[in-house]
file work03.cif (mmCIF, C-alpha atoms and all ligand atoms)
data_upload
loop_
_atom_site.label_atom_id
_atom_site.label_comp_id
_atom_site.auth_asym_id
_atom_site.auth_seq_id
_atom_site.Cartn_x
_atom_site.Cartn_y
_atom_site.Cartn_z
CA MET A 4 58.48 -120.06 -92.51
CA THR A 5 57.08 -116.69 -93.57
CA ARG A 6 53.66 -115.85 -92.27
CA PRO A 7 51.14 -115.63 -95.14
CA ALA A 8 48.97 -112.49 -94.94
CA THR A 9 45.55 -113.03 -93.40
CA ASP A 10 43.98 -111.90 -96.71
CA GLN A 11 45.69 -114.85 -98.32
CA VAL A 12 44.37 -117.18 -95.63
CA TRP A 13 40.82 -115.89 -96.23
CA LYS A 14 41.27 -116.71 -99.94
CA TRP A 15 42.31 -120.25 -99.06
CA LEU A 16 39.35 -120.68 -96.74
CA ALA A 17 37.03 -119.38 -99.46
CA GLU A 18 37.99 -122.49 -101.43
CA VAL A 19 36.97 -124.93 -98.67
CA PRO A 20 33.46 -126.22 -99.43
CA ASP A 21 30.80 -126.69 -96.79
CA PRO A 22 30.71 -130.47 -96.25
CA GLU A 23 26.92 -130.70 -96.42
CA ILE A 24 26.27 -128.06 -99.09
CA PRO A 25 29.45 -128.21 -101.19
CA ALA A 26 28.06 -125.58 -103.59
CA ILE A 27 29.11 -122.89 -101.12
CA SER A 28 32.32 -122.30 -99.19
CA LEU A 29 32.80 -121.92 -95.46
CA VAL A 30 33.44 -118.22 -96.02
CA ASP A 31 30.19 -117.89 -98.02
CA LEU A 32 28.36 -119.55 -95.13
CA GLY A 33 29.66 -116.85 -92.79
CA ILE A 34 30.96 -119.19 -90.12
CA ILE A 35 34.61 -118.09 -90.29
CA ARG A 36 34.58 -115.20 -87.84
CA ASP A 37 38.23 -114.28 -87.62
CA VAL A 38 41.68 -115.08 -88.96
CA ALA A 39 44.64 -113.72 -87.00
CA TRP A 40 48.27 -114.37 -86.25
CA GLN A 41 49.31 -114.68 -82.62
CA GLY A 42 53.09 -114.88 -82.77
CA ASP A 43 53.84 -117.76 -85.11
CA THR A 44 50.44 -119.41 -84.55
CA LEU A 45 47.53 -118.86 -86.93
CA THR A 46 44.21 -118.61 -85.10
CA VAL A 47 41.00 -119.29 -87.01
CA THR A 48 37.74 -118.58 -85.19
CA ILE A 49 34.72 -120.62 -86.30
CA THR A 50 31.12 -120.33 -85.12
CA PRO A 51 28.72 -123.29 -85.41
CA THR A 52 25.54 -122.94 -87.50
CA TYR A 53 23.39 -125.13 -85.26
CA SER A 54 24.66 -126.44 -81.96
CA GLY A 55 23.94 -130.04 -82.98
CA CYS A 56 25.12 -129.75 -86.57
CA PRO A 57 27.09 -132.95 -87.27
CA ALA A 58 29.13 -131.06 -89.88
CA THR A 59 30.83 -128.93 -87.21
CA SER A 60 33.64 -131.38 -86.49
CA VAL A 61 34.08 -132.17 -90.20
CA ILE A 62 34.38 -128.44 -90.89
CA ALA A 63 37.17 -128.12 -88.32
CA MET A 64 39.00 -131.04 -89.93
CA ASP A 65 38.56 -129.57 -93.42
CA VAL A 66 39.90 -126.18 -92.33
CA GLU A 67 42.88 -127.77 -90.70
CA ALA A 68 43.62 -130.00 -93.71
CA ALA A 69 43.32 -127.07 -96.15
CA LEU A 70 45.61 -124.77 -94.17
CA ARG A 71 48.18 -127.49 -93.53
CA ALA A 72 48.22 -128.19 -97.27
CA HIS A 73 49.14 -124.50 -97.74
CA GLY A 74 52.06 -124.91 -95.36
CA ILE A 75 50.56 -123.59 -92.12
CA GLU A 76 52.25 -125.50 -89.33
CA LYS A 77 51.06 -123.92 -86.12
CA LEU A 78 47.31 -123.64 -86.15
CA GLU A 79 44.71 -123.08 -83.50
CA LEU A 80 40.98 -123.41 -84.16
CA LYS A 81 38.74 -121.52 -81.79
CA ARG A 82 35.00 -122.06 -81.33
CA GLN A 83 32.99 -118.90 -80.80
CA LEU A 84 29.33 -119.12 -79.75
CA SER A 85 28.55 -115.44 -79.31
CA PRO A 86 27.36 -113.55 -81.28
CA ALA A 87 25.36 -116.55 -82.46
CA TRP A 88 25.52 -117.35 -86.16
CA THR A 89 22.78 -115.84 -88.24
CA THR A 90 21.82 -116.39 -91.86
CA ASP A 91 22.47 -112.65 -92.34
CA TRP A 92 26.13 -113.62 -92.48
CA LEU A 93 25.68 -115.60 -95.69
CA THR A 94 27.51 -113.66 -98.38
CA GLU A 95 25.65 -112.35 -101.45
CA GLN A 96 27.77 -114.69 -103.51
CA GLY A 97 26.80 -117.55 -101.20
CA ARG A 98 23.09 -116.76 -101.61
CA ALA A 99 23.41 -116.74 -105.40
CA LYS A 100 25.32 -120.04 -105.36
CA LEU A 101 22.68 -121.63 -103.13
CA GLU A 102 19.88 -120.69 -105.50
CA ALA A 103 21.81 -121.90 -108.54
CA TYR A 104 22.30 -125.19 -106.70
CA GLY A 105 18.53 -125.50 -106.14
CA ILE A 106 18.32 -124.33 -102.53
CA ALA A 107 16.24 -121.21 -101.90
CA PRO A 108 18.28 -118.69 -99.86
CA PRO A 109 16.93 -117.43 -96.51
CA GLN A 110 14.53 -114.48 -96.47
CA PRO A 111 13.62 -112.25 -93.52
CA ALA A 112 9.94 -113.05 -94.20
CA GLY A 113 10.64 -116.60 -93.03
CA GLY A 114 9.95 -118.38 -96.32
CA PRO A 115 11.49 -118.61 -99.80
CA SER A 116 10.80 -115.73 -102.18
CA ARG A 117 10.61 -117.93 -105.28
CA CYS A 118 11.08 -121.45 -106.62
CA PRO A 119 14.78 -121.99 -107.38
CA GLN A 120 13.78 -124.04 -110.46
CA CYS A 121 11.11 -121.94 -112.23
CA GLN A 122 11.04 -118.68 -110.18
CA SER A 123 7.34 -119.08 -109.41
CA THR A 124 6.13 -117.44 -106.19
CA ASN A 125 3.26 -119.93 -105.81
CA LEU A 126 4.82 -122.00 -103.01
CA GLU A 127 3.85 -124.14 -100.04
CA ARG A 128 5.73 -125.40 -97.03
CA ILE A 129 5.96 -129.16 -96.62
CA SER A 130 7.99 -129.31 -93.41
CA GLN A 131 9.69 -126.89 -91.06
CA PHE A 132 12.73 -129.17 -91.22
CA GLY A 133 14.74 -130.64 -94.06
CA SER A 134 17.71 -132.78 -94.97
CA THR A 135 20.05 -130.87 -92.63
CA PRO A 136 19.41 -128.78 -89.50
CA CYS A 137 19.73 -125.55 -91.50
CA LYS A 138 17.01 -126.32 -94.04
CA ALA A 139 13.24 -126.62 -94.36
CA THR A 140 11.29 -128.37 -97.12
CA TRP A 141 9.05 -126.46 -99.53
CA ARG A 142 7.27 -127.25 -102.80
CA CYS A 143 6.50 -125.21 -105.88
CA ARG A 144 2.81 -125.38 -106.79
CA ASP A 145 3.58 -124.55 -110.44
CA CYS A 146 6.41 -126.86 -111.44
CA LEU A 147 5.56 -129.20 -108.52
CA GLU A 148 9.22 -129.60 -107.59
CA PRO A 149 9.96 -129.97 -103.89
CA PHE A 150 13.02 -127.98 -102.83
CA ASP A 151 15.15 -127.14 -99.82
CA TYR A 152 14.86 -123.72 -98.24
CA PHE A 153 17.72 -122.41 -96.14
CA LYS A 154 16.03 -121.46 -92.84
CA CYS A 155 16.41 -117.92 -91.63
CA ILE A 156 17.79 -117.72 -88.11
CA MET B 12 27.18 -124.77 -51.23
CA THR B 13 29.69 -122.66 -53.15
CA ARG B 14 28.84 -120.73 -56.30
CA ASP B 15 30.63 -123.26 -58.50
CA GLU B 16 29.05 -126.27 -56.80
CA ALA B 17 25.62 -124.76 -57.40
CA LEU B 18 26.54 -123.76 -60.94
CA PHE B 19 27.62 -127.34 -61.67
CA GLU B 20 24.24 -128.63 -60.43
CA PHE B 21 22.41 -126.00 -62.44
CA LEU B 22 24.32 -126.92 -65.61
CA LEU B 23 23.56 -130.60 -65.08
CA ARG B 24 19.89 -129.72 -64.86
CA MET B 25 20.04 -127.78 -68.14
CA GLY B 26 22.14 -130.41 -69.93
CA ASP B 27 20.28 -133.44 -68.58
CA ASN B 28 16.95 -131.97 -69.70
CA THR B 29 18.18 -131.60 -73.27
CA LEU B 30 20.05 -134.91 -73.21
CA ILE B 31 17.20 -137.04 -71.93
CA LEU B 32 14.48 -135.35 -73.96
CA GLY B 33 16.75 -135.31 -77.01
CA HIS B 34 17.35 -139.03 -76.65
CA ARG B 35 13.64 -139.69 -76.21
CA VAL B 36 12.81 -137.76 -79.36
CA SER B 37 15.56 -139.57 -81.27
CA GLU B 38 13.76 -142.85 -80.53
CA TRP B 39 11.29 -141.79 -83.23
CA CYS B 40 13.96 -141.85 -85.92
CA GLY B 41 12.64 -144.15 -88.64
CA HIS B 42 9.26 -144.66 -86.93
CA SER B 43 7.34 -141.44 -87.54
CA PRO B 44 3.97 -141.37 -89.26
CA VAL B 45 5.36 -139.57 -92.34
CA LEU B 46 8.81 -138.79 -93.68
CA GLU B 47 8.60 -135.03 -93.03
CA GLU B 48 7.75 -135.60 -89.37
CA ASP B 49 10.53 -138.13 -89.06
CA ILE B 50 13.01 -135.55 -90.35
CA ALA B 51 11.57 -132.86 -88.10
CA LEU B 52 11.82 -135.01 -84.98
CA ALA B 53 15.36 -136.12 -85.82
CA ASN B 54 16.40 -132.50 -86.33
CA THR B 55 14.79 -131.43 -83.06
CA ALA B 56 16.62 -134.24 -81.26
CA LEU B 57 19.87 -133.21 -82.94
CA ASP B 58 19.52 -129.61 -81.78
CA MET B 59 18.90 -130.79 -78.23
CA ILE B 60 21.89 -133.14 -78.24
CA GLY B 61 23.98 -130.25 -79.56
CA GLN B 62 22.79 -128.06 -76.71
CA THR B 63 23.64 -130.91 -74.34
CA GLN B 64 27.24 -130.87 -75.52
CA LEU B 65 27.46 -127.20 -74.64
CA TRP B 66 25.74 -127.45 -71.23
CA LEU B 67 27.46 -130.63 -70.07
CA GLY B 68 30.77 -129.51 -71.56
CA LEU B 69 30.59 -126.39 -69.40
CA ALA B 70 29.42 -128.46 -66.40
CA GLY B 71 32.57 -130.58 -66.65
CA GLU B 72 34.70 -127.46 -66.96
CA VAL B 73 33.11 -125.88 -63.87
CA GLU B 74 33.41 -129.11 -61.89
CA GLY B 75 37.13 -129.18 -62.65
CA LYS B 76 37.62 -132.92 -62.34
CA GLY B 77 38.40 -133.48 -65.99
CA ARG B 78 35.03 -134.96 -66.90
CA SER B 79 33.92 -134.32 -70.49
CA ALA B 80 30.34 -133.95 -71.76
CA ASP B 81 30.55 -137.58 -72.91
CA ASP B 82 31.72 -138.75 -69.48
CA LEU B 83 28.78 -137.00 -67.85
CA ALA B 84 26.28 -138.33 -70.38
CA PHE B 85 27.42 -141.93 -70.48
CA ARG B 86 29.01 -142.66 -67.14
CA ARG B 87 26.50 -141.54 -64.58
CA ASP B 88 23.73 -143.71 -63.25
CA ALA B 89 20.05 -142.78 -62.92
CA TRP B 90 20.33 -141.19 -59.47
CA ASP B 91 22.95 -138.71 -60.69
CA PHE B 92 20.72 -137.31 -63.43
CA ARG B 93 19.08 -133.94 -62.83
CA ASN B 94 16.51 -133.68 -65.61
CA VAL B 95 12.89 -132.92 -64.79
CA LEU B 96 10.63 -135.99 -64.89
CA LEU B 97 8.73 -134.61 -67.90
CA CYS B 98 11.77 -135.20 -70.12
CA GLU B 99 12.15 -138.89 -69.31
CA LEU B 100 8.51 -139.91 -69.76
CA PRO B 101 7.91 -142.38 -72.59
CA ASN B 102 7.01 -141.08 -76.05
CA GLY B 103 3.51 -142.61 -76.15
CA ASP B 104 1.90 -141.82 -79.48
CA PHE B 105 2.99 -139.04 -81.83
CA GLY B 106 0.56 -136.60 -80.22
CA GLN B 107 1.89 -137.28 -76.72
CA THR B 108 5.46 -136.75 -77.95
CA LEU B 109 4.55 -133.38 -79.46
CA MET B 110 2.54 -132.37 -76.38
CA ARG B 111 5.55 -133.15 -74.17
CA GLN B 112 7.76 -131.18 -76.56
CA PHE B 113 5.43 -128.19 -76.46
CA LEU B 114 5.23 -128.18 -72.65
CA TYR B 115 9.03 -128.32 -72.51
CA ASP B 116 9.75 -125.85 -75.35
CA ALA B 117 7.53 -123.18 -73.79
CA TRP B 118 9.51 -123.43 -70.53
CA SER B 119 12.86 -123.65 -72.32
CA LEU B 120 12.18 -120.51 -74.37
CA GLY B 121 11.40 -118.46 -71.26
CA MET B 122 14.41 -119.82 -69.40
CA LEU B 123 16.90 -119.24 -72.24
CA ASP B 124 15.54 -115.77 -72.85
CA ARG B 125 16.46 -114.90 -69.26
CA LEU B 126 19.80 -116.74 -69.34
CA LYS B 127 20.84 -114.61 -72.32
CA THR B 128 21.59 -111.86 -69.82
CA SER B 129 23.19 -114.13 -67.21
CA SER B 130 26.06 -112.67 -65.20
CA GLU B 131 28.03 -115.79 -66.18
CA ALA B 132 29.21 -115.11 -69.75
CA ARG B 133 29.63 -118.79 -70.61
CA VAL B 134 25.99 -119.45 -69.69
CA ALA B 135 24.79 -116.38 -71.62
CA GLU B 136 26.49 -117.40 -74.85
CA ILE B 137 25.07 -120.93 -74.79
CA ALA B 138 21.61 -119.49 -74.11
CA GLU B 139 21.93 -117.05 -77.00
CA LYS B 140 22.73 -119.91 -79.36
CA ALA B 141 20.10 -122.34 -78.03
CA LEU B 142 17.36 -119.71 -77.94
CA LYS B 143 17.33 -119.44 -81.73
CA GLU B 144 16.82 -123.17 -82.07
CA VAL B 145 14.19 -123.42 -79.34
CA THR B 146 12.19 -120.55 -80.85
CA TYR B 147 11.88 -122.67 -83.96
CA HIS B 148 11.02 -125.82 -81.98
CA LEU B 149 8.27 -124.02 -80.07
CA GLU B 150 6.74 -122.71 -83.27
CA ARG B 151 6.49 -126.23 -84.60
CA SER B 152 5.38 -128.01 -81.42
CA GLY B 153 2.78 -125.30 -80.74
CA ASP B 154 1.43 -125.47 -84.31
CA THR B 155 1.24 -129.26 -84.11
CA VAL B 156 -0.60 -129.18 -80.78
CA ILE B 157 -3.11 -126.80 -82.35
CA GLY B 158 -3.40 -128.86 -85.53
CA LEU B 159 -4.03 -132.10 -83.68
CA GLY B 160 -6.05 -130.64 -80.80
CA ASP B 161 -8.37 -128.80 -83.14
CA GLY B 162 -8.28 -131.67 -85.64
CA THR B 163 -10.37 -134.81 -85.91
CA GLU B 164 -12.34 -136.27 -83.02
CA GLU B 165 -9.70 -138.99 -82.70
CA SER B 166 -6.74 -136.60 -82.67
CA HIS B 167 -8.51 -134.24 -80.26
CA THR B 168 -9.24 -137.08 -77.83
CA ARG B 169 -5.63 -138.25 -77.94
CA MET B 170 -4.23 -134.76 -77.39
CA GLN B 171 -6.51 -134.13 -74.43
CA LYS B 172 -5.43 -137.48 -72.99
CA ALA B 173 -1.78 -136.53 -73.48
CA LEU B 174 -2.32 -133.18 -71.76
CA ASP B 175 -4.14 -134.84 -68.84
CA TYR B 176 -1.24 -137.27 -68.43
CA LEU B 177 1.60 -134.73 -68.80
CA TRP B 178 0.23 -131.66 -67.04
CA PRO B 179 1.05 -132.86 -63.48
CA TYR B 180 4.72 -132.94 -64.54
CA VAL B 181 4.81 -129.26 -65.57
CA GLY B 182 5.06 -127.82 -62.06
CA GLU B 183 8.51 -129.33 -61.44
CA MET B 184 10.08 -126.96 -63.98
CA PHE B 185 9.18 -124.02 -61.73
CA GLU B 186 10.36 -125.50 -58.41
CA LYS B 187 13.05 -123.72 -56.40
CA ASP B 188 15.69 -125.13 -54.05
CA LYS B 189 19.10 -124.22 -52.60
CA VAL B 190 20.79 -124.48 -56.01
CA ASP B 191 18.39 -121.95 -57.49
CA GLU B 192 18.86 -119.62 -54.56
CA VAL B 193 22.61 -119.50 -55.15
CA MET B 194 22.06 -118.99 -58.89
CA ILE B 195 19.59 -116.16 -58.29
CA ALA B 196 21.87 -114.45 -55.76
CA ALA B 197 24.81 -114.64 -58.20
CA GLY B 198 22.69 -113.26 -61.05
CA ILE B 199 23.38 -116.39 -63.08
CA ALA B 200 19.83 -117.69 -63.48
CA PRO B 201 16.32 -116.39 -62.82
CA ASP B 202 13.97 -117.46 -60.08
CA PRO B 203 12.13 -120.38 -61.75
CA ALA B 204 8.83 -119.06 -60.40
CA ASP B 205 9.34 -115.81 -62.36
CA LEU B 206 9.06 -117.81 -65.58
CA ARG B 207 5.57 -119.02 -64.75
CA PRO B 208 3.38 -116.06 -65.86
CA ARG B 209 4.80 -115.99 -69.38
CA TYR B 210 4.58 -119.78 -69.56
CA ASP B 211 0.94 -119.81 -68.51
CA GLU B 212 0.19 -117.10 -71.04
CA THR B 213 1.80 -119.12 -73.86
CA VAL B 214 0.21 -122.46 -73.05
CA SER B 215 -3.23 -120.93 -72.39
CA ARG B 216 -3.19 -119.21 -75.78
CA VAL B 217 -2.18 -122.39 -77.60
CA PHE B 218 -4.61 -124.65 -75.72
CA ALA B 219 -7.48 -122.25 -76.36
CA GLU B 220 -6.77 -122.43 -80.08
CA ALA B 221 -6.28 -126.19 -79.85
CA THR B 222 -9.64 -126.56 -78.03
CA LEU B 223 -7.86 -128.39 -75.21
CA THR B 224 -8.51 -128.00 -71.49
CA ILE B 225 -5.86 -127.87 -68.78
CA PRO B 226 -6.92 -130.49 -66.23
CA ASP B 227 -7.96 -129.56 -62.70
CA GLY B 228 -5.79 -130.51 -59.78
CA SER B 229 -2.60 -129.13 -58.34
CA TYR B 230 -0.64 -132.34 -57.76
CA VAL B 231 2.94 -132.06 -59.03
CA HIS B 232 5.17 -135.05 -59.80
CA LYS B 233 8.73 -134.07 -58.93
CA GLY B 234 12.10 -135.34 -57.79
CA GLY B 235 13.98 -135.41 -61.11
CA ARG B 236 15.79 -132.06 -61.01
CA THR B 237 16.89 -132.63 -57.41
CA GLY B 238 17.78 -136.27 -58.13
CA ARG B 239 15.67 -137.43 -55.19
CA MET B 240 13.64 -139.85 -57.26
CA HIS B 241 13.32 -140.46 -61.00
CA THR B 242 10.59 -142.51 -62.62
CA GLU B 243 11.27 -146.13 -63.57
CA HIS B 244 11.48 -144.96 -67.18
CA LEU B 245 14.86 -143.26 -66.83
CA GLY B 246 16.77 -146.47 -66.04
CA HIS B 247 15.39 -148.16 -69.14
CA LEU B 248 16.34 -145.19 -71.28
CA LEU B 249 19.90 -145.20 -69.89
CA THR B 250 20.44 -148.91 -70.55
CA SER B 251 19.90 -148.22 -74.20
CA MET B 252 21.64 -144.82 -74.40
CA GLN B 253 24.71 -145.81 -72.37
CA TRP B 254 25.11 -149.36 -73.57
CA LEU B 255 28.10 -148.83 -75.84
CA GLN B 256 30.18 -146.87 -73.32
CA ARG B 257 29.26 -149.36 -70.60
CA ALA B 258 30.26 -152.36 -72.71
CA TYR B 259 33.35 -150.74 -74.24
CA PRO B 260 34.48 -147.96 -71.88
CA GLY B 261 36.28 -145.15 -73.70
CA ALA B 262 35.29 -146.37 -77.16
CA ALA B 263 35.72 -143.53 -79.67
CA TRP B 264 34.72 -142.92 -83.28
ZN ZN A 301 8.84 -124.15 -109.60
#
call {"tool": "encode", "arguments": {"input": "work03.cif", "output": "structure tokens"}}
result
Amino acid sequence: MTRPATDQVWKWLAEVPDPEIPAISLVDLGIIRDVAWQGDTLTVTITPTYSGCPATSVIAMDVEAALRAHGIEKLELKRQLSPAWTTDWLTEQGRAKLEAYGIAPPQPAGGPSRCPQCQSTNLERISQFGSTPCKATWRCRDCLEPFDYFKCI
Amino acid sequence: MTRDEALFEFLLRMGDNTLILGHRVSEWCGHSPVLEEDIALANTALDMIGQTQLWLGLAGEVEGKGRSADDLAFRRDAWDFRNVLLCELPNGDFGQTLMRQFLYDAWSLGMLDRLKTSSEARVAEIAEKALKEVTYHLERSGDTVIGLGDGTEESHTRMQKALDYLWPYVGEMFEKDKVDEVMIAAGIAPDPADLRPRYDETVSRVFAEATLTIPDGSYVHKGGRTGRMHTEHLGHLLTSMQWLQRAYPGAAW
């Protein structure tokens, strides 16, 4: 087979949703670190968000399924721990999609900048943890809606 | 003892700490006082089990006998575990669980911060990853110790009782033996005693704010990290944690 360009592979990966937050793609999440051909084998390097994140193995399966569906036969998935994943690697597009989905994107200040529902800045933290390892739980004091905040690490 | 033999022991100590404490914390799942705390404890446990996969996975690789992280977690008996005794102690009440977590997190943060610059690249990269998670854990366990210590009369009494019970187990984390000497000489890990000043600074600051008093006495319960003698609690924990792989060896999802 002909080797698809790595740009093309990145486009395919940008269509693979995160299994726990399907509003954003794996590329938006910033966990795809590298795509490269080594001979006739395509190597995709993935970094985990949290070391215990149960989605990690599902993500590997989803990447493999997506690339196989696009005709990639020889595929190697590599895990890379260092440099450790940081929320700085979320794309701008990913941050916008998160907020539209109702999850406040991470902020360097360590808390959400505004309520994803009503944009109020009158907020309180309910818990340092949330429905997945990457999130914390906050509440808007104006519209009273609780919401997920994507933790900054 | 060769470098790799010592490294294997060292990695077991790191991975068994996170495995046993992670399992302990997971026992709270579905039993916490409020939903938010339940989620927080489950997430903390999950992070520690994830770190275990990295530490024990590397231990198996270094040992070179084809043992996976799962093999090491589920197919060793109590005397082969190398966690400090603190990690295997029962949960007690919610306050005792968070006190144990705080005493462990403060040590773990200092250790990982030093391991980040380990001469062994595979150790350094695990430490870099785990440090981010442990920083977050310490923030929460420290805040909770302060909240409950400087809380109601009831919560204060319970937190002081938890500290009195757990404090004699702290010293083991700073013990040094032959394994540590090889690790220090190879530049892989720090001298455990070097971690003590920063640790004391952290816990003193938090306990002052929590209005809690470190008990007198210098007795140290130890024997876990060397495997000489665990408490009776570890065996009970393992019967539950290892049951499935004992009953159905090799069972996979
Ligand atoms: Zn709102």
call {"tool": "residues_near_ligand", "arguments": {"input": "work03.cif", "ligand": "ligand ZN 301 (chain A)", "cutoff": "10 Å", "atoms": "only C-alpha atoms and all ligand atoms", "output": "list in words"}}
result
Arg117, Cys118, Pro119, Gln120, Cys121, Gln122, Ser123, Thr124, Asn125, Leu126, Arg142, Cys143, Arg144, Asp145, Cys146, Leu147, Glu148, Pro149 and Phe150 of chain A
call {"tool": "interface_residues", "arguments": {"input": "work03.cif", "of": "chain B", "to": "chain A", "cutoff": "7 Å", "atoms": "only C-alpha atoms", "output": "ChimeraX atom specification"}}
result
/B:47,50-51,54,57-62,136-137,139-140,143
call {"tool": "atom_distance", "arguments": {"input": "work03.cif", "atom1": "atom CA of Pro111 of chain A", "atom2": "atom CA of Ile49 of chain A"}}
result
23.8 Å
call {"tool": "residues_around", "arguments": {"input": "work03.cif", "residues": "Ala63 of chain A", "least_positions_apart": "6", "cutoff": "12 Å", "atoms": "all atoms listed in the file", "output": "PyMOL selection string"}}
result
chain A and resi 16+19-22+29+34-35+47-51+57+69-70+78-82
call {"tool": "atom_distance", "arguments": {"input": "work03.cif", "atom1": "atom CA of Pro101 of chain B", "atom2": "atom CA of Asp116 of chain B"}}
result
16.9 Å
call {"tool": "atom_distance", "arguments": {"input": "work03.cif", "atom1": "atom CA of Ser166 of chain B", "atom2": "atom CA of Arg151 of chain B"}}
result
16.9 Å
call {"tool": "closest_residue", "arguments": {"input": "work03.cif", "among": "A:Val38, A:Ile75, A:Ala26, A:Leu32", "to": "Thr5 of chain A", "atoms": "all atoms listed in the file"}}
result
A:Ile75
call {"tool": "axis_aligned_box", "arguments": {"input": "work03.cif", "around": "segment 140-143 of chain B", "padding_each_side": "6 Å", "output": "AutoDock Vina command-line options"}}
result
--center_x 20.0 --center_y -120.9 --center_z -79.8 --size_x 17.4 --size_y 14.9 --size_z 15.8
call {"tool": "closest_residue", "arguments": {"input": "work03.cif", "among": "B:Gly26, B:Gly160, B:Gly121, B:Gly103", "to": "Asp211 of chain B", "atoms": "all atoms listed in the file"}}
result
B:Gly121
call {"tool": "closest_residue", "arguments": {"input": "work03.cif", "among": "B:Ala263, B:Ala56, B:Leu249, B:Ala197", "to": "Ala89 of chain B", "atoms": "all atoms listed in the file"}}
result
B:Leu249
call {"tool": "residues_around", "arguments": {"input": "work03.cif", "residues": "Tyr176 of chain B", "least_positions_apart": "6", "cutoff": "10 Å", "atoms": "all atoms listed in the file", "output": "ChimeraX atom specification"}}
result
/B:107,111,170,226
call {"tool": "write_last_selection", "arguments": {"input": "work03.cif", "atoms": "C-alpha atoms", "output": "compact mmCIF listing (two decimals), in the frame of the given file"}}
result
# COMPACT_ATOMS: atom_id res chain seq x y z
CA GLN B 107 1.89 -137.28 -76.72
CA ARG B 111 5.55 -133.15 -74.17
CA MET B 170 -4.23 -134.76 -77.39
CA PRO B 226 -6.92 -130.49 -66.23
call {"tool": "residues_around", "arguments": {"input": "work03.cif", "residues": "Leu97 of chain B", "least_positions_apart": "4", "cutoff": "8 Å", "atoms": "all atoms listed in the file", "output": "PDB file with C-alpha atoms, keeping the file's coordinate frame"}}
result
ATOM      1  CA  ARG B 111       5.550-133.150 -74.170  1.00  0.00           C
ATOM      2  CA  TYR B 115       9.030-128.320 -72.510  1.00  0.00           C
ATOM      3  CA  LEU B 177       1.600-134.730 -68.800  1.00  0.00           C
ATOM      4  CA  TYR B 180       4.720-132.940 -64.540  1.00  0.00           C
ATOM      5  CA  VAL B 181       4.810-129.260 -65.570  1.00  0.00           C
TER       6      VAL B 181
END
call {"tool": "residues_around", "arguments": {"input": "work03.cif", "residues": "Ala262 of chain B", "least_positions_apart": "6", "cutoff": "12 Å", "atoms": "all atoms listed in the file", "output": "list in words"}}
result
Asp81, Asp82, Phe85, Gln253, Trp254, Leu255 and Gln256 of chain B
call {"tool": "residues_around", "arguments": {"input": "work03.cif", "residues": "Thr94 of chain A", "least_positions_apart": "5", "cutoff": "10 Å", "atoms": "all atoms listed in the file", "output": "number ranges by chain"}}
result
A: 27-28, 30-33, 99-100
call {"tool": "residues_near_point", "arguments": {"input": "work03.cif", "point": "(10.7, -143.1, -83.6)", "cutoff": "9 Å", "atoms": "all atoms listed in the file", "output": "list in words"}}
result
Arg35, Val36, Ser37, Glu38, Trp39, Cys40, Gly41, His42, Ser43, Pro44, Asp49, Leu52, Ala53, Asn102 and Phe105 of chain B
